[in-house]
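work_24.txt, holding compact mmCIF, C-alpha atoms:
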# COMPACT_ATOMS: atom_id res chain seq x y z
CA MET A 626 -83.31 81.33 155.79
CA THR A 627 -80.61 83.89 156.37
CA ALA A 628 -80.99 87.11 154.41
CA ASP A 629 -78.76 87.24 151.34
CA ALA A 630 -77.35 90.69 150.68
CA VAL A 631 -75.88 89.61 147.33
CA ALA A 632 -79.28 88.45 146.09
CA GLY A 633 -80.75 91.65 147.49
CA ARG A 634 -78.23 93.74 145.60
CA ALA A 635 -79.27 92.09 142.33
CA LYS A 636 -82.96 92.55 143.10
CA ALA A 637 -82.32 96.20 144.03
CA GLN A 638 -81.64 97.17 140.44
CA ALA A 639 -85.35 97.91 140.22
CA CYS A 640 -85.02 100.39 143.09
CA ALA A 641 -82.15 102.35 141.56
CA ILE A 642 -84.13 104.72 139.38
CA CYS A 643 -85.48 106.50 142.48
CA HIS A 644 -83.26 105.32 145.33
CA GLY A 645 -79.91 105.25 143.52
CA ALA A 646 -77.59 102.35 142.74
CA ILE A 647 -76.37 102.01 146.32
CA GLY A 648 -79.36 103.59 148.01
CA LEU A 649 -78.62 107.30 147.74
CA SER A 650 -81.80 108.93 146.54
CA THR A 651 -81.99 110.49 143.10
CA GLN A 652 -85.34 112.19 143.77
CA PRO A 653 -86.34 114.84 146.29
CA ASP A 654 -89.32 112.76 147.41
CA ALA A 655 -87.51 109.43 147.70
CA PRO A 656 -85.51 108.52 150.80
CA ASN A 657 -81.96 107.29 150.96
CA LEU A 658 -81.97 103.58 151.79
CA ALA A 659 -78.21 103.18 152.17
CA GLY A 660 -77.29 102.16 155.68
CA GLN A 661 -80.82 102.02 157.02
CA PRO A 662 -81.38 99.37 159.68
CA ALA A 663 -82.49 96.06 158.12
CA VAL A 664 -85.32 95.69 160.63
CA PHE A 665 -86.69 99.08 159.62
CA LEU A 666 -86.37 98.42 155.88
CA SER A 667 -88.05 95.03 156.01
CA SER A 668 -90.94 96.33 158.13
CA GLN A 669 -91.54 99.22 155.73
CA LEU A 670 -91.44 97.00 152.65
CA ARG A 671 -93.95 94.66 154.28
CA ALA A 672 -96.15 97.65 155.11
CA TYR A 673 -95.99 98.79 151.48
CA ARG A 674 -96.74 95.27 150.26
CA SER A 675 -99.82 94.99 152.50
CA GLY A 676 -100.94 98.53 151.75
CA GLU A 677 -100.70 99.56 155.40
CA ARG A 678 -98.18 102.21 154.33
CA ARG A 679 -99.43 103.94 151.24
CA HIS A 680 -97.42 105.18 148.28
CA GLU A 681 -98.50 105.08 144.65
CA VAL A 682 -95.30 103.54 143.33
CA MET A 683 -94.14 101.54 146.33
CA ASN A 684 -97.45 99.73 146.78
CA ILE A 685 -97.12 98.44 143.20
CA VAL A 686 -93.46 97.49 143.28
CA ALA A 687 -93.65 95.85 146.71
CA LYS A 688 -96.73 93.76 145.86
CA PRO A 689 -94.93 90.85 144.16
CA LEU A 690 -92.03 90.66 146.64
CA SER A 691 -91.67 87.49 148.70
CA ASP A 692 -90.60 87.57 152.33
CA ASP A 693 -87.17 86.40 151.19
CA ASP A 694 -86.97 89.17 148.57
CA ILE A 695 -87.77 91.73 151.26
CA ASP A 696 -85.27 90.36 153.74
CA ASN A 697 -82.59 90.22 151.02
CA LEU A 698 -83.26 93.81 149.93
CA ALA A 699 -83.11 94.94 153.55
CA ALA A 700 -79.84 93.03 154.04
CA TRP A 701 -78.34 94.67 150.97
CA PHE A 702 -79.24 98.27 151.70
CA SER A 703 -78.32 97.93 155.37
CA SER A 704 -74.91 96.56 154.37
CA VAL A 705 -73.99 99.89 152.76
CA ARG A 706 -71.93 101.78 155.31
CA ILE A 707 -72.72 105.46 155.77
CA ASP A 708 -70.81 108.25 157.43
CA ALA A 709 -72.57 111.43 158.48
CA HIS A 710 -71.05 114.87 158.87
CA ALA A 711 -73.06 117.55 160.64
CA PRO A 712 -72.53 121.16 159.64
CA PRO A 713 -70.49 123.11 162.21
CA MET B 35 -90.62 131.75 155.46
CA THR B 36 -87.37 130.06 154.60
CA ALA B 37 -86.64 126.91 156.56
CA ASP B 38 -84.23 127.43 159.41
CA ALA B 39 -81.83 124.53 159.92
CA VAL B 40 -80.44 126.02 163.13
CA ALA B 41 -83.90 126.19 164.69
CA GLY B 42 -84.53 122.68 163.37
CA ARG B 43 -81.37 121.41 165.02
CA ALA B 44 -82.54 122.74 168.39
CA LYS B 45 -86.00 121.24 167.93
CA ALA B 46 -84.44 117.93 166.91
CA GLN B 47 -83.20 117.22 170.41
CA ALA B 48 -86.52 115.47 170.94
CA CYS B 49 -85.75 113.14 168.01
CA ALA B 50 -82.31 112.10 169.27
CA ILE B 51 -83.34 109.29 171.58
CA CYS B 52 -84.41 107.16 168.59
CA HIS B 53 -82.86 108.88 165.58
CA GLY B 54 -79.52 109.93 167.10
CA ALA B 55 -78.06 113.38 167.71
CA ILE B 56 -77.29 113.99 164.03
CA GLY B 57 -79.87 111.62 162.59
CA LEU B 58 -78.09 108.27 162.74
CA SER B 59 -80.56 105.82 164.21
CA THR B 60 -80.00 104.32 167.62
CA GLN B 61 -82.78 101.73 167.25
CA PRO B 62 -83.21 98.87 164.78
CA ASP B 63 -86.73 100.00 163.94
CA ALA B 64 -85.96 103.72 163.55
CA PRO B 65 -84.60 105.11 160.29
CA ASN B 66 -81.56 107.30 159.84
CA LEU B 67 -82.69 110.84 159.07
CA ALA B 68 -79.25 112.29 158.36
CA GLY B 69 -78.96 113.47 154.79
CA GLN B 70 -82.50 112.60 153.77
CA PRO B 71 -84.01 114.96 151.20
CA ALA B 72 -85.87 117.82 152.89
CA VAL B 73 -88.90 117.33 150.64
CA PHE B 74 -89.16 113.72 151.72
CA LEU B 75 -88.72 114.49 155.43
CA SER B 76 -91.28 117.25 155.49
CA SER B 77 -93.86 115.17 153.62
CA GLN B 78 -93.41 112.27 156.04
CA LEU B 79 -93.68 114.48 159.11
CA ARG B 80 -96.87 115.98 157.73
CA ALA B 81 -98.21 112.46 157.06
CA TYR B 82 -97.40 111.48 160.66
CA ARG B 83 -99.02 114.65 161.96
CA SER B 84 -102.23 114.02 160.01
CA GLY B 85 -102.24 110.31 160.83
CA GLU B 86 -102.04 109.35 157.16
CA ARG B 87 -98.79 107.52 157.98
CA ARG B 88 -99.23 105.56 161.14
CA HIS B 89 -96.69 104.99 163.90
CA GLU B 90 -97.43 104.81 167.61
CA VAL B 91 -94.70 107.22 168.65
CA MET B 92 -94.42 109.43 165.58
CA ASN B 93 -98.14 110.22 165.46
CA ILE B 94 -97.87 111.59 168.99
CA VAL B 95 -94.66 113.54 168.62
CA ALA B 96 -95.59 115.02 165.23
CA LYS B 97 -99.05 116.15 166.38
CA PRO B 98 -98.00 119.49 167.95
CA LEU B 99 -95.52 120.45 165.21
CA SER B 100 -96.24 123.57 163.18
CA ASP B 101 -95.51 123.75 159.46
CA ASP B 102 -92.47 125.85 160.32
CA ASP B 103 -91.27 123.29 162.88
CA ILE B 104 -91.55 120.59 160.24
CA ASP B 105 -89.76 122.57 157.56
CA ASN B 106 -87.01 123.49 160.03
CA LEU B 107 -86.54 119.88 161.14
CA ALA B 108 -86.39 118.80 157.51
CA ALA B 109 -83.85 121.53 156.75
CA TRP B 110 -81.69 120.42 159.66
CA PHE B 111 -81.60 116.70 158.96
CA SER B 112 -81.13 117.23 155.24
CA SER B 113 -78.17 119.53 155.95
CA VAL B 114 -76.21 116.62 157.43
CA ARG B 115 -73.92 115.34 154.69
CA ILE B 116 -73.68 111.61 154.24
CA ASP B 117 -71.20 109.43 152.39
CA ALA B 118 -72.08 105.88 151.46
CA HIS B 119 -69.69 103.02 150.90
CA ALA B 120 -71.00 99.85 149.28
CA PRO B 121 -69.39 96.55 150.18
CA PRO B 122 -67.11 95.23 147.42
Give the structure from the file, written as C-alpha cells.
Amino acid sequence: MTADAVAGRAKAQACAICHGAIGLSTQPDAPNLAGQPAVFLSSQLRAYRSGERRHEVMNIVAKPLSDDDIDNLAAWFSSVRIDAHAPP
Amino acid sequence: MTADAVAGRAKAQACAICHGAIGLSTQPDAPNLAGQPAVFLSSQLRAYRSGERRHEVMNIVAKPLSDDDIDNLAAWFSSVRIDAHAPP
C-alpha cells in the first residue's frame, strides 16, 4: 500500500506528548520529528519495534505498530515542511 | 566547560556530507539535526561513540569525539532555529 499521511497524523496523537503536535519536541531528550525523511523515520520505528534501537518508552509504544502504521506515521511527520535558519 | 557552538560549527563540517551544512539532511536515511535539542543530540552522539546505538558510519565517526566535541556539536546544531509548517 501507499503510505497514508492523514492516517499517520491521526495515529500520531500518541506521539504528541513528547514530540509535539506537529513533531516539534516538547522535551529536551526527545527529537523533533517534523520534516524528517520518511525513510529514516520508518527505519527507526522498526528498530524500536524490534528492540534493535533501545529506548524505555519507544520500545513499548512501537511494539504494537503494524508496518502500515509505521509507514503512515513516517509519511505524516515527513510531510511537515521545515525551514532552518542558522545563526549569523 | 560551557559548550561552544562556534567550535561545534567548525567541527560539523565532517557531518555535512550526510546531514547538510546547517543540519538539513541530504540523504533519505540521515536525520535532520538542525534545531534538535542539545540534550538529545549529545546523548545520541555518546550512544554512537560507545556503540550502544549502532550505525555503520556513526559508530566510526563518533569514536574519536571528546565529550567537549560532542557538547559543542550539540550546541551548534541546536542553535539552528527551525520553523515547521504542517500541511492543511
Mind pulling up the distance from CA of Leu99 (chain B) to CA of Val114 (chain B)?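 According to the coordinates, CA of Val114 (chain B) and CA of Leu99 (chain B) are separated by 21.2 Å.
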Which residues come within 8 Å of Ala709 (chain A), counting only C-alpha atoms, excluding same-chain residues fewer than 4 positions away, as a list in words?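 Near Ala709 (chain A), the qualifying residues are Ile56, Leu58, Ala68, Gly69, Val114, Arg115, Ile116 and Asp117 of chain B.
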What's the separation between CA of Asp103 (chain B) and CA of Asn657 (chain A), in Å to one decimal place?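 Result for CA of Asp103 (chain B) versus CA of Asn657 (chain A): 22.0 Å, one decimal.
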Residues of chain B near chain A: apply a cut-off of 10 Å, count all atoms listed in the file, and supply the list as a PyMOL selection string. chain B and resi 39-40+55-78+86-88+110-122
Extending 4 Å beyond the listed atoms of region 676-687 of chain A on each side, what axis-aligned box results? I want centre and edge lengths in Å to one decimal, as JSON.
{"center_x": -97.2, "center_y": 100.5, "center_z": 149.3, "size_x": 15.5, "size_y": 17.3, "size_z": 20.2}
Please indicate the distance in Å from CA of Pro98 (chain B) to CA of Ala37 (chain B), rounded to one decimal place.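 So the answer is 17.7 Å.
Residues lying at most 10 Å from (-86.2, 95.1, 146.3) in file coordinates, with only C-alpha atoms considered, are Ala632, Gly633, Arg634, Ala635, Lys636, Ala637, Gln638, Ala639, Cys640, Ala641, Ser667, Leu670, Val686, Ala687, Pro689, Leu690, Ser691, Asp694, Ile695, Asp696, Asn697, Leu698, Ala699, Trp701 and Phe702 of chain A.
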Could region 46-57 of chain B be completed with all heavy atoms and written as a short mmCIF file (atom, residue, chain, number, x, y, z; two decimals), in the frame of the given file, please?
data_model
loop_
_atom_site.label_atom_id
_atom_site.label_comp_id
_atom_site.auth_asym_id
_atom_site.auth_seq_id
_atom_site.Cartn_x
_atom_site.Cartn_y
_atom_site.Cartn_z
N ALA B 46 -84.71 119.35 167.16
CA ALA B 46 -84.44 117.93 166.91
C ALA B 46 -83.89 117.20 168.12
O ALA B 46 -83.70 115.99 168.07
CB ALA B 46 -83.48 117.78 165.73
N GLN B 47 -83.64 117.92 169.20
CA GLN B 47 -83.20 117.22 170.41
C GLN B 47 -84.20 116.16 170.84
O GLN B 47 -83.82 115.12 171.36
CB GLN B 47 -82.95 118.24 171.54
CG GLN B 47 -81.70 119.08 171.27
CD GLN B 47 -81.46 120.14 172.33
OE1 GLN B 47 -82.26 120.31 173.24
NE2 GLN B 47 -80.35 120.87 172.20
N ALA B 48 -85.47 116.43 170.58
CA ALA B 48 -86.52 115.47 170.94
C ALA B 48 -86.47 114.21 170.09
O ALA B 48 -87.02 113.17 170.46
CB ALA B 48 -87.89 116.12 170.81
N CYS B 49 -85.81 114.29 168.94
CA CYS B 49 -85.75 113.14 168.01
C CYS B 49 -84.59 112.22 168.34
O CYS B 49 -84.55 111.06 167.88
CB CYS B 49 -85.60 113.63 166.57
SG CYS B 49 -86.61 115.05 166.12
N ALA B 50 -83.61 112.76 169.14
CA ALA B 50 -82.31 112.10 169.27
C ALA B 50 -82.37 110.74 169.94
O ALA B 50 -81.57 109.86 169.62
CB ALA B 50 -81.35 113.00 170.03
N ILE B 51 -83.34 110.56 170.84
CA ILE B 51 -83.34 109.29 171.58
C ILE B 51 -83.49 108.10 170.63
O ILE B 51 -82.89 107.05 170.86
CB ILE B 51 -84.40 109.29 172.70
CG1 ILE B 51 -84.17 108.12 173.65
CG2 ILE B 51 -85.80 109.34 172.16
CD1 ILE B 51 -84.93 108.22 174.96
N CYS B 52 -84.25 108.26 169.56
CA CYS B 52 -84.41 107.16 168.59
C CYS B 52 -83.57 107.37 167.33
O CYS B 52 -83.05 106.42 166.76
CB CYS B 52 -85.88 107.02 168.17
SG CYS B 52 -86.97 106.56 169.54
N HIS B 53 -83.48 108.63 166.88
CA HIS B 53 -82.86 108.88 165.58
C HIS B 53 -81.42 109.39 165.70
O HIS B 53 -80.80 109.66 164.67
CB HIS B 53 -83.70 109.89 164.78
CG HIS B 53 -85.06 109.38 164.39
ND1 HIS B 53 -85.25 108.46 163.38
CD2 HIS B 53 -86.29 109.64 164.88
CE1 HIS B 53 -86.55 108.20 163.26
NE2 HIS B 53 -87.22 108.91 164.16
N GLY B 54 -80.91 109.51 166.93
CA GLY B 54 -79.52 109.93 167.10
C GLY B 54 -79.35 111.44 167.01
O GLY B 54 -80.18 112.14 166.42
N ALA B 55 -78.27 111.93 167.59
CA ALA B 55 -78.06 113.38 167.71
C ALA B 55 -77.95 114.06 166.35
O ALA B 55 -78.40 115.19 166.18
CB ALA B 55 -76.79 113.66 168.52
N ILE B 56 -77.36 113.37 165.36
CA ILE B 56 -77.29 113.99 164.03
C ILE B 56 -78.09 113.17 163.00
O ILE B 56 -77.89 113.30 161.79
CB ILE B 56 -75.84 114.24 163.55
CG1 ILE B 56 -75.07 112.93 163.40
CG2 ILE B 56 -75.13 115.20 164.47
CD1 ILE B 56 -73.74 113.10 162.64
N GLY B 57 -78.99 112.33 163.52
CA GLY B 57 -79.87 111.62 162.59
C GLY B 57 -79.40 110.24 162.18
O GLY B 57 -79.89 109.69 161.20
#
